[in-house]
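**Q** Here you go, this is start_17.txt (compact mmCIF, C-alpha atoms).
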```
# COMPACT_ATOMS: atom_id res chain seq x y z
CA MET S 873 62.20 62.23 29.69
CA LEU S 874 60.78 65.26 27.92
CA ILE S 875 58.70 65.97 31.02
CA LEU S 876 61.78 65.70 33.22
CA ALA S 877 63.70 68.05 30.96
CA MET S 878 60.94 70.62 31.35
CA VAL S 879 61.11 70.31 35.14
CA LEU S 880 64.88 70.65 35.22
CA ARG S 881 64.76 73.62 32.88
CA LEU S 882 62.35 75.38 35.21
CA THR S 883 64.50 74.73 38.26
CA THR S 884 67.56 76.29 36.66
CA LEU S 885 65.88 79.69 36.65
CA VAL S 886 66.72 82.24 39.34
CA ILE S 887 64.78 81.25 42.46
CA ALA S 888 61.77 83.48 43.00
CA PRO S 889 60.30 84.73 46.29
CA PRO S 890 58.58 82.09 48.43
CA VAL S 891 55.61 80.62 46.56
CA LEU S 892 53.38 77.61 46.98
CA VAL S 893 54.78 74.61 45.17
CA ASN S 894 52.44 71.98 43.81
CA THR S 895 54.26 69.02 45.32
CA ALA S 896 51.73 66.56 43.96
CA ALA S 897 52.47 67.71 40.42
CA ILE S 898 56.20 67.51 41.08
CA ALA S 899 55.78 63.96 42.34
CA VAL S 900 53.91 62.93 39.19
CA LEU S 901 56.50 64.48 36.92
CA PHE S 902 59.40 62.79 38.66
CA ALA S 903 57.53 59.51 38.80
CA LEU S 904 56.82 59.65 35.08
CA ALA S 905 60.47 60.37 34.44
CA GLY S 906 61.49 57.38 36.55
CA CYS S 907 64.05 59.35 38.51
CA VAL S 908 63.59 58.43 42.16
CA SER S 909 61.88 55.88 44.33
CA MET S 910 58.38 56.70 45.53
CA THR S 911 58.80 54.69 48.76
CA PRO S 912 60.83 56.76 51.23
CA GLN S 913 61.79 55.44 54.67
CA SER S 914 62.48 57.42 57.80
CA GLU S 915 63.61 54.91 60.42
CA THR S 916 64.30 51.55 58.82
CA SER S 917 64.54 48.57 61.16
CA LEU S 918 67.92 46.92 61.13
CA ASP S 919 66.13 43.60 61.50
CA SER S 920 64.25 43.95 58.22
CA SER S 921 65.55 42.49 54.99
CA PRO S 922 67.82 44.87 53.07
CA LYS S 923 66.57 43.33 49.83
CA THR S 924 63.38 45.42 49.89
CA GLU S 925 65.27 48.65 50.28
CA ASP S 926 67.92 47.79 47.71
CA SER S 927 65.28 46.85 45.15
CA SER S 928 63.91 50.39 45.31
CA VAL S 929 67.14 51.90 44.05
CA ALA S 930 66.60 53.30 40.59
CA SER S 931 69.20 52.12 38.13
CA SER S 932 68.48 54.44 35.23
CA SER S 933 71.03 56.89 33.89
CA SER S 934 68.77 59.74 35.03
CA VAL S 935 69.55 58.91 38.67
CA ALA S 936 73.26 59.03 37.92
CA LYS S 937 72.78 62.53 36.53
CA LEU S 938 70.78 63.69 39.56
CA GLN S 939 73.62 62.87 41.90
CA VAL S 940 76.03 65.26 40.22
CA ASN S 941 73.70 68.04 39.00
CA SER S 942 72.21 70.92 40.95
CA GLU S 943 68.60 70.30 39.90
CA LEU S 944 67.86 67.94 42.78
CA LEU S 945 69.20 70.45 45.31
CA GLN S 946 67.22 73.26 43.71
CA GLN S 947 64.01 71.24 43.67
CA SER S 948 64.34 70.05 47.26
CA TRP S 949 65.06 73.62 48.38
CA LEU S 950 61.89 74.87 46.70
CA VAL S 951 59.81 72.20 48.40
CA TYR S 952 61.50 72.77 51.78
CA ARG S 953 60.92 76.49 51.47
CA GLN S 954 57.23 75.96 50.72
CA GLN S 955 56.70 73.36 53.44
CA PHE S 956 58.88 74.50 56.35
CA ILE S 957 59.33 78.27 55.96
CA GLN S 958 56.46 80.71 56.50
CA THR S 959 56.24 83.77 54.28
CA ASP S 960 57.47 85.88 57.21
CA GLY S 961 60.66 83.80 57.42
CA ARG S 962 59.86 81.56 60.39
CA VAL S 963 61.20 78.02 60.02
CA ILE S 964 58.88 75.44 61.60
CA ASP S 965 59.91 72.16 63.20
CA TYR S 966 56.72 70.09 62.90
CA GLU S 967 58.20 67.18 64.84
CA ALA S 968 58.56 69.32 67.97
CA SER S 969 55.22 71.07 68.59
CA ASP S 970 55.68 73.44 65.62
CA ARG S 971 58.46 75.24 67.44
CA SER S 972 61.18 77.33 65.81
CA THR S 973 64.85 77.28 66.76
CA SER S 974 67.94 79.32 66.15
CA GLU S 975 69.35 76.20 64.49
CA GLY S 976 66.48 76.09 62.01
CA GLN S 977 66.80 79.76 61.10
CA ALA S 978 70.56 79.40 60.63
CA TYR S 979 70.24 76.28 58.45
CA ALA S 980 67.78 78.14 56.23
CA MET S 981 70.13 81.10 55.91
CA LEU S 982 73.07 78.85 55.10
CA ARG S 983 71.12 76.97 52.45
CA ALA S 984 69.69 80.18 50.99
CA VAL S 985 73.06 81.80 50.45
CA LEU S 986 74.56 78.61 49.02
CA ILE S 987 71.73 78.26 46.49
CA ASN S 988 71.61 82.01 45.79
CA ASP S 989 68.17 82.87 47.22
CA PRO S 990 68.63 86.36 48.73
CA ILE S 991 64.91 86.95 49.41
CA THR S 992 64.49 83.88 51.60
CA PHE S 993 67.83 84.64 53.26
CA GLU S 994 66.69 88.06 54.33
CA ALA S 995 63.27 86.84 55.47
CA THR S 996 64.69 84.12 57.72
CA LEU S 997 67.33 86.49 59.10
CA ASN S 998 64.79 89.22 59.84
CA TRP S 999 62.40 86.83 61.57
CA ALA S 1000 65.19 85.60 63.83
CA GLN S 1001 66.41 89.11 64.61
CA ASN S 1002 62.86 90.22 65.46
CA ASN S 1003 61.88 87.16 67.49
CA LEU S 1004 64.99 85.44 68.89
CA THR S 1005 66.98 88.42 70.17
CA ARG S 1006 67.76 87.93 73.86
CA ARG S 1007 66.45 90.87 75.89
CA SER S 1008 66.66 92.21 79.42
CA ALA S 1009 63.65 92.61 81.69
CA ALA S 1010 63.37 96.15 80.34
CA GLY S 1011 63.15 94.82 76.79
CA GLU S 1012 66.61 95.94 75.71
CA PRO S 1013 68.85 93.58 73.69
CA ILE S 1014 71.54 92.05 75.88
CA ASP S 1015 73.63 90.70 72.99
CA GLN S 1016 73.35 89.60 69.35
CA LEU S 1017 73.16 85.88 70.06
CA TRP S 1018 69.83 84.18 69.45
CA ALA S 1019 67.66 82.41 72.00
CA TRP S 1020 67.60 78.83 70.84
CA LYS S 1021 63.90 77.95 71.25
CA TRP S 1022 60.71 79.81 70.32
CA GLY S 1023 57.25 78.30 70.54
CA ILE S 1024 54.06 78.09 72.58
CA ASP S 1025 54.33 78.16 76.36
CA GLN S 1026 52.09 76.54 78.97
CA ALA S 1027 49.86 79.60 79.01
CA GLY S 1028 49.27 79.31 75.27
CA ASN S 1029 51.43 82.28 74.32
CA TRP S 1030 53.92 82.21 71.45
CA GLY S 1031 57.41 83.55 72.03
CA ILE S 1032 60.84 82.67 73.39
CA ILE S 1033 60.56 79.67 75.72
CA ASP S 1034 64.28 79.18 76.42
CA GLU S 1035 66.55 82.22 76.40
CA ASN S 1036 69.80 80.26 76.37
CA PHE S 1037 71.69 80.37 73.09
CA ALA S 1038 73.18 77.44 71.16
CA SER S 1039 76.57 78.33 69.74
CA ASP S 1040 76.31 76.05 66.69
CA ALA S 1041 73.33 78.03 65.41
CA ASP S 1042 75.13 81.34 65.82
CA ILE S 1043 78.21 79.88 64.11
CA ASP S 1044 76.10 78.76 61.13
CA CYS S 1045 74.32 82.12 61.05
CA ILE S 1046 77.58 84.09 61.10
CA THR S 1047 79.05 81.85 58.39
CA ALA S 1048 75.97 82.52 56.24
CA LEU S 1049 76.22 86.27 56.89
CA ILE S 1050 79.86 86.39 55.79
CA LEU S 1051 79.15 84.43 52.62
CA ALA S 1052 76.07 86.55 51.89
CA SER S 1053 77.98 89.80 52.33
CA ARG S 1054 80.47 88.58 49.73
CA ARG S 1055 78.03 86.95 47.31
CA TRP S 1056 75.51 89.80 47.17
CA GLY S 1057 77.68 92.79 48.09
CA ARG S 1058 75.80 93.50 51.33
CA PRO S 1059 78.21 95.14 53.82
CA GLU S 1060 75.46 95.34 56.47
CA TYR S 1061 75.53 91.55 56.69
CA LEU S 1062 79.22 91.66 57.53
CA ASP S 1063 78.58 94.36 60.13
CA LEU S 1064 76.04 92.11 61.85
CA ALA S 1065 78.41 89.15 61.60
CA LEU S 1066 81.14 91.13 63.36
CA THR S 1067 78.75 92.13 66.16
CA LYS S 1068 77.69 88.53 66.62
CA LEU S 1069 81.33 87.38 66.56
CA ARG S 1070 82.14 89.76 69.41
CA ASP S 1071 79.34 88.33 71.52
CA LEU S 1072 80.04 84.72 70.55
CA TRP S 1073 83.65 85.07 71.68
CA GLN S 1074 82.67 86.81 74.92
CA PHE S 1075 79.88 84.49 75.99
CA SER S 1076 80.67 81.15 74.32
CA THR S 1077 84.42 80.60 74.69
CA ILE S 1078 86.45 79.72 77.75
CA GLU S 1079 90.18 79.77 78.42
CA GLY S 1080 91.66 76.58 79.78
CA PRO S 1081 95.12 75.62 81.04
CA GLY S 1082 97.98 77.05 79.02
CA GLY S 1083 95.75 79.72 77.54
CA LYS S 1084 93.94 77.26 75.24
CA ASN S 1085 90.53 78.49 74.13
CA TYR S 1086 87.51 76.19 73.86
CA LEU S 1087 84.10 76.68 72.26
CA LEU S 1088 81.24 76.18 74.69
CA PRO S 1089 77.87 74.86 73.43
CA GLY S 1090 76.10 77.81 75.05
CA PRO S 1091 76.26 80.04 78.13
CA ALA S 1092 78.98 79.27 80.68
CA SER S 1093 76.31 79.04 83.37
CA ALA S 1094 74.94 75.93 81.65
CA PHE S 1095 78.16 74.17 80.62
CA VAL S 1096 80.92 75.15 83.07
CA PHE S 1097 80.90 73.44 86.47
CA PRO S 1098 82.56 74.41 89.78
CA GLU S 1099 84.67 71.24 89.96
CA GLY S 1100 86.53 72.39 86.83
CA SER S 1101 84.64 70.33 84.28
CA ILE S 1102 83.08 71.65 81.08
CA HIS S 1103 80.56 69.88 78.85
CA LEU S 1104 81.25 70.08 75.12
CA ASN S 1105 79.39 69.11 71.97
CA PRO S 1106 81.88 67.97 69.29
CA SER S 1107 79.33 68.48 66.51
CA TYR S 1108 79.37 72.23 67.22
CA PHE S 1109 83.03 72.50 66.22
CA ALA S 1110 83.25 74.10 62.77
CA PRO S 1111 86.91 74.68 61.85
CA TYR S 1112 86.01 75.97 58.37
CA ALA S 1113 83.84 78.63 60.01
CA PHE S 1114 86.56 79.62 62.47
CA ARG S 1115 88.93 80.10 59.52
CA LEU S 1116 86.38 82.41 57.89
CA PHE S 1117 85.90 84.27 61.17
CA ALA S 1118 89.67 84.85 61.42
CA GLN S 1119 89.57 86.51 57.99
CA VAL S 1120 87.10 89.20 59.08
CA ASP S 1121 87.71 89.53 62.84
CA PRO S 1122 91.38 90.02 63.78
CA ASP S 1123 90.41 91.10 67.30
CA HIS S 1124 89.84 87.50 68.46
CA ASP S 1125 91.97 84.38 68.08
CA TRP S 1126 89.56 82.24 66.08
CA LEU S 1127 92.34 80.03 64.76
CA SER S 1128 92.96 78.88 68.34
CA LEU S 1129 89.49 77.30 68.17
CA VAL S 1130 90.57 75.36 65.09
CA GLU S 1131 93.41 73.89 67.15
CA SER S 1132 91.29 73.11 70.21
CA SER S 1133 88.49 71.65 68.07
CA TYR S 1134 90.80 69.02 66.61
CA GLN S 1135 92.33 68.37 70.01
CA VAL S 1136 88.91 67.73 71.54
CA LEU S 1137 87.72 65.65 68.60
CA THR S 1138 90.81 63.45 68.55
CA ASN S 1139 91.16 62.91 72.28
CA SER S 1140 87.48 62.62 73.13
CA SER S 1141 87.01 59.92 70.48
CA LEU S 1142 89.37 57.76 72.55
CA VAL S 1143 86.65 57.54 75.21
CA SER S 1144 84.72 55.34 72.78
CA ALA S 1145 85.91 51.78 72.20
CA THR S 1146 85.26 52.30 68.49
CA GLY S 1147 86.80 55.77 68.19
CA LEU S 1148 83.50 57.44 67.30
CA PRO S 1149 82.65 61.01 68.32
CA SER S 1150 80.01 61.49 71.00
CA ASP S 1151 76.99 63.76 71.12
CA TRP S 1152 78.40 65.18 74.37
CA ILE S 1153 81.67 64.84 76.24
CA ALA S 1154 83.09 66.22 79.51
CA LEU S 1155 86.54 67.79 79.73
CA ASN S 1156 88.21 68.18 83.11
CA LEU S 1157 90.19 71.40 82.74
CA LYS S 1158 92.34 70.55 85.76
CA THR S 1159 93.54 67.18 84.52
CA GLY S 1160 92.99 67.56 80.78
CA GLN S 1161 91.09 64.26 80.75
CA PHE S 1162 87.99 63.56 78.68
CA GLU S 1163 85.22 61.63 80.38
CA PRO S 1164 81.68 60.47 79.63
CA LEU S 1165 78.95 62.62 81.08
CA PRO S 1166 77.47 61.39 84.37
CA SER S 1167 74.85 58.66 84.05
CA ASP S 1168 72.16 60.91 85.56
CA SER S 1169 72.74 63.62 82.97
CA LYS S 1170 69.91 64.50 80.56
CA ILE S 1171 72.47 64.61 77.74
CA GLU S 1172 74.62 61.59 76.96
CA SER S 1173 78.03 60.53 75.73
CA VAL S 1174 76.82 58.38 72.86
CA TYR S 1175 77.23 58.38 69.08
CA SER S 1176 73.88 59.56 67.74
CA PHE S 1177 72.04 62.32 65.90
CA ASP S 1178 74.17 65.22 67.16
CA ALA S 1179 77.48 63.50 66.51
CA TYR S 1180 76.61 62.79 62.86
CA ARG S 1181 77.30 66.44 62.08
CA VAL S 1182 80.99 66.01 62.89
CA TRP S 1183 81.44 64.24 59.52
CA TRP S 1184 79.87 67.10 57.57
CA ARG S 1185 81.64 69.91 59.41
CA LEU S 1186 85.06 68.37 58.95
CA ALA S 1187 84.27 67.47 55.34
CA TRP S 1188 83.73 71.17 54.69
CA ASP S 1189 87.11 71.94 56.28
CA VAL S 1190 88.69 69.52 53.80
CA ALA S 1191 86.71 70.81 50.83
CA TRP S 1192 87.04 74.51 51.61
CA PHE S 1193 90.49 74.73 53.16
CA ASP S 1194 92.21 71.41 52.34
CA SER S 1195 92.62 70.62 56.04
CA ARG S 1196 94.99 67.74 56.75
CA GLU S 1197 93.72 67.45 60.32
CA ALA S 1198 90.16 67.02 59.09
CA ARG S 1199 91.10 64.43 56.48
CA SER S 1200 93.08 62.42 59.04
CA TYR S 1201 90.27 62.49 61.60
CA LEU S 1202 87.61 61.50 59.10
CA GLN S 1203 89.66 58.53 57.96
CA THR S 1204 90.49 57.34 61.48
CA ALA S 1205 87.29 58.04 63.39
CA SER S 1206 84.97 56.54 60.78
CA GLN S 1207 86.79 53.22 60.44
CA HIS S 1208 84.31 51.35 62.64
CA LEU S 1209 81.42 52.60 60.52
CA GLN S 1210 83.25 51.65 57.34
CA GLN S 1211 83.65 48.12 58.66
CA LEU S 1212 79.99 47.92 59.65
CA TRP S 1213 78.88 49.15 56.27
CA HIS S 1214 81.05 46.74 54.31
CA SER S 1215 79.86 43.82 56.43
CA SER S 1216 76.12 44.54 56.46
CA SER S 1217 75.34 47.59 54.25
CA ARG S 1218 73.52 49.12 57.21
CA LEU S 1219 74.44 51.36 60.13
CA PRO S 1220 72.59 51.64 63.47
CA ALA S 1221 71.39 55.11 64.34
CA ARG S 1222 72.81 55.00 67.86
CA ILE S 1223 76.00 53.36 69.19
CA ASP S 1224 77.16 53.44 72.81
CA LEU S 1225 80.71 53.89 74.07
CA LYS S 1226 81.26 50.13 74.04
CA GLY S 1227 80.43 49.99 70.34
CA GLN S 1228 77.04 48.35 70.79
CA ALA S 1229 73.97 49.40 68.80
CA THR S 1230 71.24 50.53 71.17
CA VAL S 1231 68.44 50.88 68.59
CA SER S 1232 67.18 48.71 65.76
CA TYR S 1233 66.75 51.40 63.12
CA ASP S 1234 69.06 53.41 60.89
CA ALA S 1235 68.94 57.12 60.00
CA THR S 1236 69.04 58.88 56.66
CA SER S 1237 70.75 61.86 58.30
CA GLN S 1238 73.69 59.67 59.35
CA TYR S 1239 74.13 58.29 55.84
CA ALA S 1240 74.04 61.83 54.47
CA MET S 1241 76.66 63.18 56.87
CA LEU S 1242 78.91 60.21 56.16
CA TYR S 1243 78.39 60.70 52.45
CA ALA S 1244 79.80 64.23 52.76
CA ALA S 1245 82.92 62.82 54.41
CA TRP S 1246 83.40 59.61 52.46
CA ARG S 1247 82.95 61.42 49.17
CA LEU S 1248 86.37 62.92 49.94
CA ILE S 1249 88.18 59.92 51.46
CA GLU S 1250 86.22 56.80 50.42
CA PRO S 1251 84.43 57.73 47.17
CA GLU S 1252 83.34 54.20 46.26
CA THR S 1253 81.69 53.72 49.66
CA ALA S 1254 80.12 57.17 49.42
CA GLN S 1255 78.59 56.19 46.09
CA GLN S 1256 77.07 53.12 47.71
CA LEU S 1257 75.47 55.28 50.40
CA LEU S 1258 74.05 57.55 47.76
CA GLU S 1259 72.58 54.78 45.66
CA LYS S 1260 71.32 52.53 48.46
CA LYS S 1261 70.35 54.91 51.27
CA LEU S 1262 69.86 58.46 50.02
CA LEU S 1263 68.29 58.61 46.56
CA PRO S 1264 65.77 55.84 47.33
CA ARG S 1265 64.45 57.86 50.27
CA TYR S 1266 63.74 60.97 48.20
CA ASN S 1267 60.09 61.60 47.34
CA GLN S 1268 58.34 64.77 46.16
CA GLY S 1269 61.28 66.94 47.17
CA ILE S 1270 61.44 65.38 50.65
CA TRP S 1271 63.77 62.86 52.27
CA ASP S 1272 61.94 60.45 54.56
CA ASP S 1273 58.63 61.93 55.73
CA GLN S 1274 56.93 65.29 55.31
CA SER S 1275 57.76 66.50 58.83
CA ALA S 1276 61.42 65.47 58.99
CA TYR S 1277 62.90 68.97 59.37
CA TYR S 1278 66.31 67.86 60.67
CA THR S 1279 66.81 65.26 57.95
CA GLN S 1280 65.97 67.73 55.15
CA ASN S 1281 68.71 70.10 56.25
CA LEU S 1282 71.43 67.56 56.91
CA VAL S 1283 70.87 65.67 53.65
CA TRP S 1284 70.82 68.85 51.59
CA LEU S 1285 73.99 70.24 53.15
CA ALA S 1286 75.70 66.88 52.70
CA LEU S 1287 74.77 66.48 49.04
CA LEU S 1288 75.94 69.96 48.08
CA PRO S 1289 79.01 69.38 45.88
CA PRO S 1290 82.14 71.11 47.23
CA THR S 1291 82.70 72.58 43.77
CA ASP S 1292 79.43 74.54 44.12
CA ILE S 1293 81.15 76.91 46.57
CA GLU S 1294 82.76 79.69 44.56
CA PRO S 1295 86.42 80.04 45.67
CA GLN S 1296 86.12 83.81 45.94
CA LEU S 1297 83.51 83.45 48.66
CA LEU S 1298 86.09 81.72 50.85
CA GLN S 1299 88.86 84.28 50.38
CA PRO S 1300 89.46 87.50 52.35
CA GLN S 1301 87.85 90.46 50.60
```
Kindly transcribe the structure held in the file into structure tokens.
**A**
Amino acid sequence: MLILAMVLRLTTLVIAPPVLVNTAAIAVLFALAGCVSMTPQSETSLDSSPKTEDSSVASSSSVAKLQVNSELLQQSWLVYRQQFIQTDGRVIDYEASDRSTSEGQAYAMLRAVLINDPITFEATLNWAQNNLTRRSAAGEPIDQLWAWKWGIDQAGNWGIIDENFASDADIDCITALILASRRWGRPEYLDLALTKLRDLWQFSTIEGPGGKNYLLPGPASAFVFPEGSIHLNPSYFAPYAFRLFAQVDPDHDWLSLVESSYQVLTNSSLVSATGLPSDWIALNLKTGQFEPLPSDSKIESVYSFDAYRVWWRLAWDVAWFDSREARSYLQTASQHLQQLWHSSSRLPARIDLKGQATVSYDATSQYAMLYAAWRLIEPETAQQLLEKKLLPRYNQGIWDDQSAYYTQNLVWLALLPPTDIEPQLLQPQ
């Protein structure tokens, strides 16, 4: 335990600029301290015996301390920063041909401001501004929204390979900019946030019947169809962010997106027999009806890796703004998953609209997102998720395997205690 105390003491220091972390040494220290399991799992078969996984759960008091202290979050951030973020600020997704995405840059910015790492924040922001800015044929910026995908093209050249933007990434980026401007007294971050808010409203919202505004997942050309249908991604809805946006940008009705977000979430969940949110859903603006996406669509109406983020985003609306709508939705829409968990202590990673599991594995990212929600409405169940599915899969600062970029971000954001957000950061300045 003396060795562990030394590690934890080091991680409480102000985070330094990006440096190489000796992950092997970290692993040895944590192993000697007996804090976490050394046998992580990424996709665990639902057909395998749960006894093996449960037996890996550490029962020492040190684990109980890790779940409520900041040291685990600090350590995992250091390792993530060393493994996934280049010194120039580029975030790398190793599971997808070493590409970079606007989502990845925004997650890094959000995590950096929440853990008080201004150097990494600025590096990841600058890389995105320099490399993801959408430009005209003449090379001039066309807006302040980021192209969603950057990587190597068929000719072997590195650069933007899809100029469409993804609104969830810009929402996370703008949220991080607002918090950073307040935390570090950087007015230029707020100026950039306001510019991005102008473009986000112009290019990523649409007015429906009765003047109701909806958030589009990206450009209207990709998600608005001539027959009057729009395709929506419920996991992009971030009511807590829209409330922050309303504080700084009175020129646009961001609170109307809070209202439409809950309307879409509530009504589109009825398309599923189990009341779960879907990765994607279609809204007919003429009839107001929600429908599954066509069967020949490349994106699907199914509960899976996108939809998990609904639990986290609404949990933050409860934690940050005491939202009654969020609390009610979380309680109602997650009932099927609560029943599954209590009956089998496992959850399939993918569930179709009929409520049937379509894969035989589970996902750490789902458990993490549910933990964020159930911590607020079902704390005993949340504790079970933490002890049985999250801490046992932590190894050398990494959840699951060394390339699991998406999982690292979702677990970290989910485990962040709501009390770690200073109230003044959420109030108008």
**Q** Between S:Asn1105, S:Gln1119, S:Thr973, S:Thr1077, which residue has the minimum interatomic distance to Ala1154 in chain S, considering only C-alpha atoms?
**A**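 Distance minimum relative to Ala1154 in chain S lands on S:Asn1105.
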**Q** Can you work out which one of S:Ile1050, S:Ile1033, S:Gln1207, S:Asp1151 has the shortest atom-to-atom distance to Glu1250 in chain S, counting all atoms listed in the file?
**A**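 Closest residue, counting all atoms listed in the file: S:Gln1207.
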**Q** Enter the distance from CA of Leu1148 in chain S to CA of His1208 in chain S, in Å, rounded to one decimal.
**A** 7.7 Å
**Q** Show which residues sit within 7 Å of Tyr1180 in chain S, as a list in words. Count only C-alpha atoms, and ignore same-chain residues fewer than 3 positions away.
**A**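 The residues that qualify are Ser1176, Phe1177, Trp1183, Gln1238 and Met1241 of chain S.
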**Q** Which is closest to Arg962 in chain S among S:Leu944, S:Leu1104, S:Ala1000, S:Ile1014, if we use all atoms listed in the file?
**A** S:Ala1000
**Q** Need to verify the contact set: Trp1152 in chain S, 8 Å, only C-alpha atoms, exclusion of same-chain residues closer than 2 positions in sequence. Can you return it as a ChimeraX atom specification?
**A** /S:1103-1106,1150,1154,1164-1165,1171-1174
**Q** Based on the selection just made, write C-alpha atoms of those residues as a compact mmCIF listing (two decimals), in the frame of the given file.
**A**
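Output (result35.txt):
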```txt
# COMPACT_ATOMS: atom_id res chain seq x y z
CA HIS S 1103 80.56 69.88 78.85
CA LEU S 1104 81.25 70.08 75.12
CA ASN S 1105 79.39 69.11 71.97
CA PRO S 1106 81.88 67.97 69.29
CA SER S 1150 80.01 61.49 71.00
CA ALA S 1154 83.09 66.22 79.51
CA PRO S 1164 81.68 60.47 79.63
CA LEU S 1165 78.95 62.62 81.08
CA ILE S 1171 72.47 64.61 77.74
CA GLU S 1172 74.62 61.59 76.96
CA SER S 1173 78.03 60.53 75.73
CA VAL S 1174 76.82 58.38 72.86
```
**Q** If I take CA of Ser1141 in chain S and CA of Ala1205 in chain S, how far is one from the other in Å, to one decimal?
**A**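 According to the coordinates, CA of Ser1141 in chain S and CA of Ala1205 in chain S are separated by 7.3 Å.
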**Q** Enter the distance from CA of Asp960 in chain S to CA of Lys1068 in chain S, in Å, rounded to one decimal.
**A** 22.5 Å
**Q** Quick one: of S:Leu1186, S:Leu1066, S:Leu1004, S:Leu1049, who's nearest to Ala980 in chain S, counting all atoms listed in the file?
**A** S:Leu1049
